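Undergrad: File name target-v5.cif; file contents mmCIF, C-alpha atoms; full text below.
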data_input
loop_
_atom_site.label_atom_id
_atom_site.label_comp_id
_atom_site.auth_asym_id
_atom_site.auth_seq_id
_atom_site.Cartn_x
_atom_site.Cartn_y
_atom_site.Cartn_z
CA MET A 1 -71.66 -21.06 8.40
CA LYS A 2 -69.45 -18.91 10.55
CA THR A 3 -67.31 -21.89 11.50
CA HIS A 4 -66.79 -22.90 7.86
CA SER A 5 -65.82 -19.35 6.86
CA LEU A 6 -62.94 -19.40 9.35
CA ILE A 7 -61.30 -22.55 7.93
CA PRO A 8 -59.61 -20.88 4.88
CA ILE A 9 -58.29 -18.07 7.11
CA ILE A 10 -56.85 -20.54 9.66
CA PHE A 11 -55.32 -22.63 6.84
CA MET A 12 -53.68 -19.54 5.29
CA ALA A 13 -52.33 -18.43 8.68
CA CYS A 14 -50.84 -21.87 9.42
CA SER A 15 -49.27 -21.99 5.96
CA SER A 16 -47.70 -18.56 6.48
CA VAL A 17 -46.30 -19.59 9.85
CA SER A 18 -44.92 -22.82 8.38
CA LEU A 19 -43.21 -20.97 5.50
CA TYR A 20 -41.81 -18.38 7.90
CA CYS A 21 -40.37 -21.04 10.21
CA THR A 22 -38.85 -22.94 7.28
CA ALA A 23 -37.23 -19.79 5.90
CA GLN A 24 -35.98 -18.81 9.33
CA ALA A 25 -34.39 -22.24 9.85
CA LYS A 26 -32.66 -21.98 6.46
CA ASP A 27 -31.36 -18.50 7.25
CA GLN A 28 -29.96 -19.64 10.59
CA ASN A 29 -28.32 -22.71 8.96
CA ILE A 30 -28.36 -24.61 12.24
CA THR A 31 -26.12 -27.71 12.40
CA VAL A 32 -27.03 -30.26 15.06
CA MET A 33 -23.99 -32.28 16.13
CA ASP A 34 -24.31 -36.00 16.84
CA THR A 35 -23.42 -37.29 20.30
CA ILE A 36 -20.91 -40.09 20.86
CA TYR A 37 -20.87 -41.85 24.21
CA ALA A 38 -17.75 -43.29 25.88
CA ASN A 39 -16.47 -44.46 29.26
CA ASP A 40 -13.22 -45.48 30.98
CA THR A 41 -13.59 -49.25 30.68
CA MET A 42 -14.30 -49.71 26.95
CA ASN A 43 -12.70 -48.47 23.74
CA VAL A 44 -15.12 -46.75 21.38
CA ALA A 45 -13.80 -47.02 17.80
CA LEU A 46 -14.49 -44.35 15.18
CA PHE A 47 -13.84 -45.33 11.53
CA PHE A 48 -13.51 -42.45 9.05
CA PRO A 49 -13.67 -42.40 5.23
CA GLU A 50 -10.14 -40.95 5.04
CA PRO A 51 -7.07 -41.38 7.30
CA ILE A 52 -7.08 -39.24 10.45
CA ARG A 53 -4.63 -36.35 10.40
CA GLN A 54 -5.70 -34.66 13.63
CA GLY A 55 -8.07 -35.37 16.48
CA ILE A 56 -8.68 -32.96 19.38
CA THR A 57 -10.96 -33.16 22.40
CA GLY A 58 -12.05 -30.09 24.32
CA SER A 59 -11.70 -31.49 27.83
CA GLU A 60 -9.16 -33.54 29.75
CA ASN A 61 -11.68 -36.19 30.76
CA PHE A 62 -11.95 -37.32 27.11
CA VAL A 63 -9.03 -38.94 25.28
CA PHE A 64 -8.96 -39.63 21.53
CA THR A 65 -6.01 -41.74 20.41
CA TYR A 66 -4.93 -42.40 16.83
CA ASN A 67 -1.73 -43.24 14.95
CA ARG A 68 0.21 -40.00 14.64
CA GLU A 69 3.13 -41.54 12.75
CA ASN A 70 1.26 -43.55 10.11
CA GLU A 71 -2.16 -42.12 9.32
CA GLN A 72 -4.95 -44.69 9.77
CA TYR A 73 -8.72 -44.69 9.26
CA PHE A 74 -9.73 -45.25 12.88
CA GLY A 75 -9.26 -43.71 16.33
CA LEU A 76 -10.23 -44.78 19.85
CA LEU A 77 -12.24 -42.67 22.29
CA GLN A 78 -12.32 -43.07 26.07
CA ALA A 79 -13.89 -40.90 28.77
CA LYS A 80 -13.89 -40.29 32.49
CA PRO A 81 -16.92 -38.96 34.42
CA GLY A 82 -17.30 -35.23 33.90
CA LYS A 83 -18.96 -32.53 31.84
CA ASP A 84 -19.80 -33.01 28.17
CA SER A 85 -17.22 -31.88 25.65
CA ASN A 86 -16.57 -31.97 21.91
CA LEU A 87 -14.40 -33.94 19.49
CA LEU A 88 -12.94 -32.35 16.36
CA VAL A 89 -11.41 -34.66 13.74
CA ILE A 90 -9.68 -33.63 10.50
CA ASN A 91 -9.02 -36.20 7.78
CA ARG A 92 -6.06 -36.27 5.43
CA ASN A 93 -8.11 -34.65 2.67
CA GLY A 94 -9.10 -31.74 4.95
CA SER A 95 -12.61 -32.98 5.75
CA VAL A 96 -13.76 -31.78 9.18
CA PHE A 97 -15.97 -33.80 11.55
CA SER A 98 -17.36 -32.48 14.84
CA TYR A 99 -19.22 -34.31 17.61
CA ILE A 100 -20.51 -33.84 21.13
CA VAL A 101 -18.85 -36.42 23.41
CA ARG A 102 -20.50 -37.55 26.63
CA TYR A 103 -19.62 -39.95 29.43
CA LYS A 104 -21.94 -42.92 29.92
CA SER A 105 -21.30 -45.81 32.29
CA GLU A 106 -23.15 -48.35 30.13
CA LEU A 107 -22.52 -48.29 26.37
CA SER A 108 -24.84 -49.75 23.75
CA LYS A 109 -22.59 -48.90 20.79
CA LEU A 110 -18.82 -49.42 20.55
CA ASN A 111 -18.16 -48.86 16.82
CA TYR A 112 -19.04 -45.84 14.69
CA PHE A 113 -18.57 -45.93 10.91
CA ILE A 114 -18.52 -42.30 9.81
CA PRO A 115 -19.69 -41.51 6.26
CA MET A 116 -18.27 -38.62 4.27
CA SER A 117 -21.73 -37.05 4.30
CA SER A 118 -21.25 -36.41 8.05
CA SER A 119 -18.45 -33.93 7.36
CA ILE A 120 -19.32 -30.37 8.41
CA GLY A 121 -16.97 -28.92 5.80
CA ASN A 122 -13.34 -28.66 4.77
CA GLU A 123 -10.57 -26.97 6.75
CA LYS A 124 -9.94 -24.63 3.82
CA PRO A 125 -12.93 -24.36 1.47
CA VAL A 126 -12.15 -23.80 -2.21
CA THR A 127 -14.07 -20.90 -3.76
CA LYS A 128 -15.04 -20.58 -7.41
CA ASP A 129 -13.25 -17.24 -7.68
CA SER A 130 -9.96 -18.54 -6.29
CA ILE A 131 -6.90 -18.14 -8.52
CA PRO A 132 -5.25 -21.42 -9.57
CA ALA A 133 -1.98 -22.05 -7.76
CA THR A 134 0.81 -24.59 -8.01
CA SER A 135 0.71 -27.67 -5.78
CA GLN A 136 3.72 -26.32 -3.87
CA GLU A 137 1.93 -23.02 -3.15
CA ILE A 138 -1.26 -24.83 -2.09
CA ASN A 139 0.69 -27.11 0.21
CA LYS A 140 2.45 -24.15 1.82
CA GLU A 141 -0.80 -22.22 2.29
CA ASN A 142 -2.51 -25.25 3.82
CA LYS A 143 0.33 -25.75 6.28
CA GLU A 144 0.24 -22.11 7.37
CA TYR A 145 -3.53 -22.17 7.70
CA TYR A 146 -3.43 -25.42 9.67
CA ARG A 147 -0.73 -24.13 12.03
CA GLN A 148 -2.78 -21.00 12.65
CA GLU A 149 -5.92 -23.00 13.46
CA LEU A 150 -4.19 -25.53 15.70
CA SER A 151 -2.23 -22.81 17.53
CA SER A 152 -5.44 -20.87 18.19
CA HIS A 153 -7.05 -23.99 19.59
CA LEU A 154 -4.08 -24.72 21.87
CA LEU A 155 -4.15 -21.17 23.22
CA GLU A 156 -7.87 -21.39 23.96
CA ARG A 157 -7.84 -24.68 25.88
CA LYS A 158 -6.49 -25.33 29.35
CA PRO A 159 -2.92 -26.69 29.72
CA ARG A 160 -2.80 -30.49 29.57
CA ARG A 161 0.19 -31.00 31.86
CA GLY A 162 2.09 -29.47 34.77
CA LYS A 163 4.06 -26.37 34.00
CA THR A 164 7.84 -26.25 33.61
CA LYS A 165 8.87 -22.75 34.55
CA LYS A 166 11.61 -20.48 35.87
CA ARG A 167 11.46 -17.08 37.54
CA ARG A 168 13.92 -14.20 37.63
CA GLN A 169 13.33 -10.68 38.93
CA ASN A 170 9.55 -11.18 38.77
CA ILE A 171 9.65 -12.38 35.16
CA VAL A 172 8.33 -15.92 34.79
CA LEU A 173 8.98 -18.08 31.73
CA GLY A 174 7.02 -21.34 31.49
CA VAL A 175 6.15 -24.13 29.08
CA GLU A 176 2.51 -25.14 29.61
CA ASP A 177 2.23 -27.85 26.99
CA ILE A 178 4.02 -29.62 24.15
CA VAL A 179 1.85 -31.09 21.39
CA TYR A 180 3.05 -33.29 18.55
CA ASN A 181 1.24 -33.03 15.23
CA ARG A 182 2.20 -33.79 11.63
CA ASN A 183 5.92 -34.12 12.36
CA GLU A 184 5.98 -30.83 14.26
CA LEU A 185 6.16 -29.89 17.95
CA TYR A 186 3.93 -27.12 19.26
CA PHE A 187 5.28 -25.48 22.44
CA VAL A 188 2.64 -23.54 24.38
CA ILE A 189 4.63 -20.90 26.27
CA LYS A 190 3.61 -18.34 28.88
CA ILE A 191 5.56 -15.23 29.91
CA ASP A 192 4.41 -13.47 33.09
CA ASN A 193 5.60 -9.96 33.86
CA LYS A 194 4.97 -9.59 37.59
CA SER A 195 7.37 -6.68 37.88
CA THR A 196 6.68 -2.93 37.88
CA LEU A 197 8.51 -2.38 34.58
CA ASP A 198 7.54 -3.28 31.01
CA TYR A 199 9.54 -6.11 29.48
CA ASP A 200 10.91 -5.43 25.98
CA LEU A 201 11.61 -8.73 24.25
CA ASN A 202 14.89 -9.02 22.39
CA PHE A 203 14.52 -12.67 21.37
CA LEU A 204 13.02 -16.01 22.38
CA THR A 205 14.95 -19.04 21.14
CA LEU A 206 15.16 -22.76 21.73
CA SER A 207 18.45 -24.67 21.58
CA ILE A 208 19.48 -28.28 22.09
CA GLU A 209 22.23 -28.71 24.65
CA THR A 210 24.51 -31.75 24.58
CA ARG A 211 26.50 -32.53 27.72
CA HIS A 212 29.69 -34.51 27.10
CA LYS A 213 30.80 -36.52 30.12
CA GLY A 214 34.24 -37.78 31.04
CA LYS A 215 37.48 -36.14 32.10
CA ARG A 216 36.97 -33.27 29.69
CA LYS A 217 33.39 -32.21 30.33
CA SER A 218 31.92 -29.85 27.78
CA VAL A 219 28.59 -28.42 26.69
CA GLN A 220 27.53 -27.80 23.10
CA ARG A 221 24.41 -25.93 22.01
CA LEU A 222 22.63 -26.15 18.67
CA HIS A 223 20.06 -23.47 17.90
CA LYS A 224 16.70 -24.63 16.50
CA GLU A 225 14.92 -22.16 14.25
CA ALA A 226 11.15 -21.86 14.73
CA ILE A 227 9.12 -22.62 11.60
CA PHE A 228 6.05 -20.80 12.99
CA THR A 229 5.11 -18.62 15.95
CA LYS A 230 1.79 -17.20 17.13
CA ASN A 231 1.27 -14.30 19.57
CA LEU A 232 5.00 -13.65 19.97
CA ALA A 233 4.90 -10.11 21.39
CA SER A 234 7.69 -7.53 21.35
CA LYS A 235 6.60 -6.12 24.72
CA ILE A 236 5.01 -7.59 27.83
CA VAL A 237 3.40 -4.79 29.80
CA LYS A 238 4.01 -4.68 33.56
CA GLY A 239 1.55 -6.82 35.51
CA GLU A 240 0.40 -8.69 32.40
CA SER A 241 1.15 -12.02 30.75
CA VAL A 242 1.41 -13.38 27.22
CA ARG A 243 0.70 -16.90 25.97
CA LEU A 244 2.19 -17.93 22.66
CA VAL A 245 2.89 -20.94 20.45
CA TYR A 246 6.38 -21.80 19.21
CA VAL A 247 6.55 -24.49 16.50
CA LEU A 248 9.59 -26.61 15.68
CA PRO A 249 10.18 -29.61 13.39
CA LYS A 250 9.84 -32.98 15.11
CA LEU A 251 12.76 -33.85 17.39
CA SER A 252 13.62 -36.42 20.06
CA LEU A 253 16.44 -36.25 22.59
CA SER A 254 18.72 -38.82 24.20
CA SER A 255 19.35 -38.78 27.95
CA ASP A 256 22.53 -36.69 27.57
CA ARG A 257 20.65 -33.90 25.77
CA ARG A 258 18.05 -31.34 26.82
CA ALA A 259 16.31 -28.29 25.40
CA ILE A 260 17.06 -24.75 26.55
CA LEU A 261 14.39 -22.09 26.10
CA GLU A 262 16.04 -18.69 26.34
CA LEU A 263 14.22 -15.41 26.95
CA ASN A 264 16.35 -12.32 26.39
CA GLU A 265 15.46 -8.74 27.33
CA LYS A 266 16.30 -5.83 25.06
CA ASP A 267 18.48 -3.24 26.84
CA GLY A 268 18.08 -5.14 30.11
CA GLU A 269 19.42 -8.02 32.17
CA ARG A 270 16.27 -9.92 33.10
CA ASN A 271 17.28 -12.88 30.96
CA ILE A 272 16.00 -16.41 31.65
CA GLU A 273 17.18 -19.84 30.54
CA LEU A 274 14.60 -22.56 31.09
CA LYS A 275 15.96 -26.13 30.95
CA ILE A 276 13.55 -28.70 29.51
CA SER A 277 14.25 -32.39 30.14
CA HIS A 278 14.51 -34.88 27.28
CA ARG A 279 11.61 -36.78 28.90
CA TYR A 280 9.35 -33.75 28.50
CA ILE A 281 10.32 -33.39 24.82
CA ASN A 282 9.99 -37.09 24.03
CA ASN A 283 6.49 -37.41 25.53
CA PRO A 284 4.34 -34.69 23.96
CA ASN A 285 0.55 -34.72 23.89
#
Let me see the file written as structure tokens.
TA:
Amino acid sequence: MKTHSLIPIIFMACSSVSLYCTAQAKDQNITVMDTIYANDTMNVALFFPEPIRQGITGSENFVFTYNRENEQYFGLLQAKPGKDSNLLVINRNGSVFSYIVRYKSELSKLNYFIPMSSSIGNEKPVTKDSIPATSQEINKENKEYYRQELSSHLLERKPRRGKTKKRRQNIVLGVEDIVYNRNELYFVIKIDNKSTLDYDLNFLTLSIETRHKGKRKSVQRLHKEAIFTKNLASKIVKGESVRLVYVLPKLSLSSDRRAILELNEKDGERNIELKISHRYINNPN
């Protein structure tokens, strides 16, 4: 009799625990990311429901390639031995997909067909209370939002290539990376102030220099206006450094042209001109 009398109590306790755990899981809204395996001898193909607009991996030992010029529905993933990382893919319609990527010497699956239901959200969710806007305004807002997000990501990750830099009076100007995306070039720039004086920035500009050969040698510079900048500071405190993103429209250079990144000090003479080869510009990440 005593044993039977405990059954309802145990049942009620288990039910309460089950409801509590279910509610807690809902409150936490945990999203478990799928894992995609890749290696350095096979191409793993990912097919998406919409054309790929952007694909970014979090580590250098993973490479995700896709057509940047003409948006297509698939991309190819390869990996080298190393730590696990993540893959973030954004489709043309703004749908966002996120996966854990892991190296595996032997692969059992080479093709992934991604359904729209696998999307973790949209890059800019539309709220019910949002005010209707014209297509031109929406397009402009989306571009600004996208540039902000991509620039933040580029500043958070490690540089993908060797630095191009120049030093003068303990001020170092360097280009850590150049990334091509959606007909725009993203320059990841670092300014180091290793001097004992603060550096007041007058301007930071990029120009294209054309060198005319022959008997009458001449140099012509054409200034390129930035369409977006992130973290461009007006002052670099002594002993500190600043990393920023400088965005320009897509450009390519012939062998007789090069880019000049110019850093100019306000009320000072610690000015730097960093020459960037056409090869560096023409081969972005």
Undergrad: What does the PyMOL selection byres ((chain A and resi 95-98) around 10) select in this file, as a ChimeraX atom specification?
TA: /A:32-35,48-50,52-57,86-94,99-101,114,116-125
Undergrad: Could you give me, as a PyMOL selection string, the residues within 7 Å of segment 203-211 of chain A, counting all atoms listed in the file and dropping anything in the same chain fewer than 3 positions from it?
TA: chain A and resi 218-224+256-264
Undergrad: At what distance in Å, to one decimal, does atom CA of Lys80 of chain A lie from atom CA of Val63 of chain A?
TA: 8.8 Å
Undergrad: Do you know which residues are at most 10 Å from segment 237-247 of chain A counting only C-alpha atoms, after dropping those on the same chain fewer than 6 positions away, and could you put them as a PyMOL selection string?
TA: chain A and resi 147-148+150-152+154-156+170-180+184-200+204-206+225-231
Undergrad: Just checking: using only C-alpha atoms, which residue out of A:Lys165, A:Arg182, A:Arg102, A:Tyr112 ends up closest to Pro249 of chain A?
TA: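 When distances to Pro249 of chain A are compared using only C-alpha atoms, the smallest one comes from A:Arg182.
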Undergrad: Using the chain letters and residue numbers of this document, give as an mmCIF file with C-alpha atoms, in the frame of the given file the residues selected by the PyMOL selection byres ((chain A and resi 77) around 8).
TA:
data_model
loop_
_atom_site.group_PDB
_atom_site.id
_atom_site.type_symbol
_atom_site.label_atom_id
_atom_site.label_comp_id
_atom_site.auth_asym_id
_atom_site.auth_seq_id
_atom_site.Cartn_x
_atom_site.Cartn_y
_atom_site.Cartn_z
ATOM 1 C CA ALA A 38 -17.750 -43.290 25.880
ATOM 2 C CA ASN A 43 -12.700 -48.470 23.740
ATOM 3 C CA VAL A 44 -15.120 -46.750 21.380
ATOM 4 C CA ALA A 45 -13.800 -47.020 17.800
ATOM 5 C CA LEU A 46 -14.490 -44.350 15.180
ATOM 6 C CA PHE A 62 -11.950 -37.320 27.110
ATOM 7 C CA VAL A 63 -9.030 -38.940 25.280
ATOM 8 C CA PHE A 64 -8.960 -39.630 21.530
ATOM 9 C CA THR A 65 -6.010 -41.740 20.410
ATOM 10 C CA GLY A 75 -9.260 -43.710 16.330
ATOM 11 C CA LEU A 76 -10.230 -44.780 19.850
ATOM 12 C CA GLN A 78 -12.320 -43.070 26.070
ATOM 13 C CA ALA A 79 -13.890 -40.900 28.770
#
Undergrad: Between atom CA of Glu144 of chain A and atom CA of Ala233 of chain A, measure the distance and give it in Å to one decimal.
TA: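 Between atom CA of Glu144 of chain A and atom CA of Ala233 of chain A the gap works out to 19.0 Å.
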Undergrad: Would you please work out which residue, of A:Lys104, A:Tyr73, A:Tyr66, A:Asn285, is nearest to Pro51 of chain A when using all atoms listed in the file?
TA: A:Tyr73
Undergrad: To one decimal place, how far is atom CA of Asn283 of chain A from atom CA of Glu60 of chain A in Å?
TA: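 It comes out at 16.7 Å.
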Undergrad: Mind telling me what the PyMOL selection byres ((chain A and resi 251) around 9) catches here, as a PyMOL selection string?
TA: chain A and resi 183-185+248-250+252-253+281-282
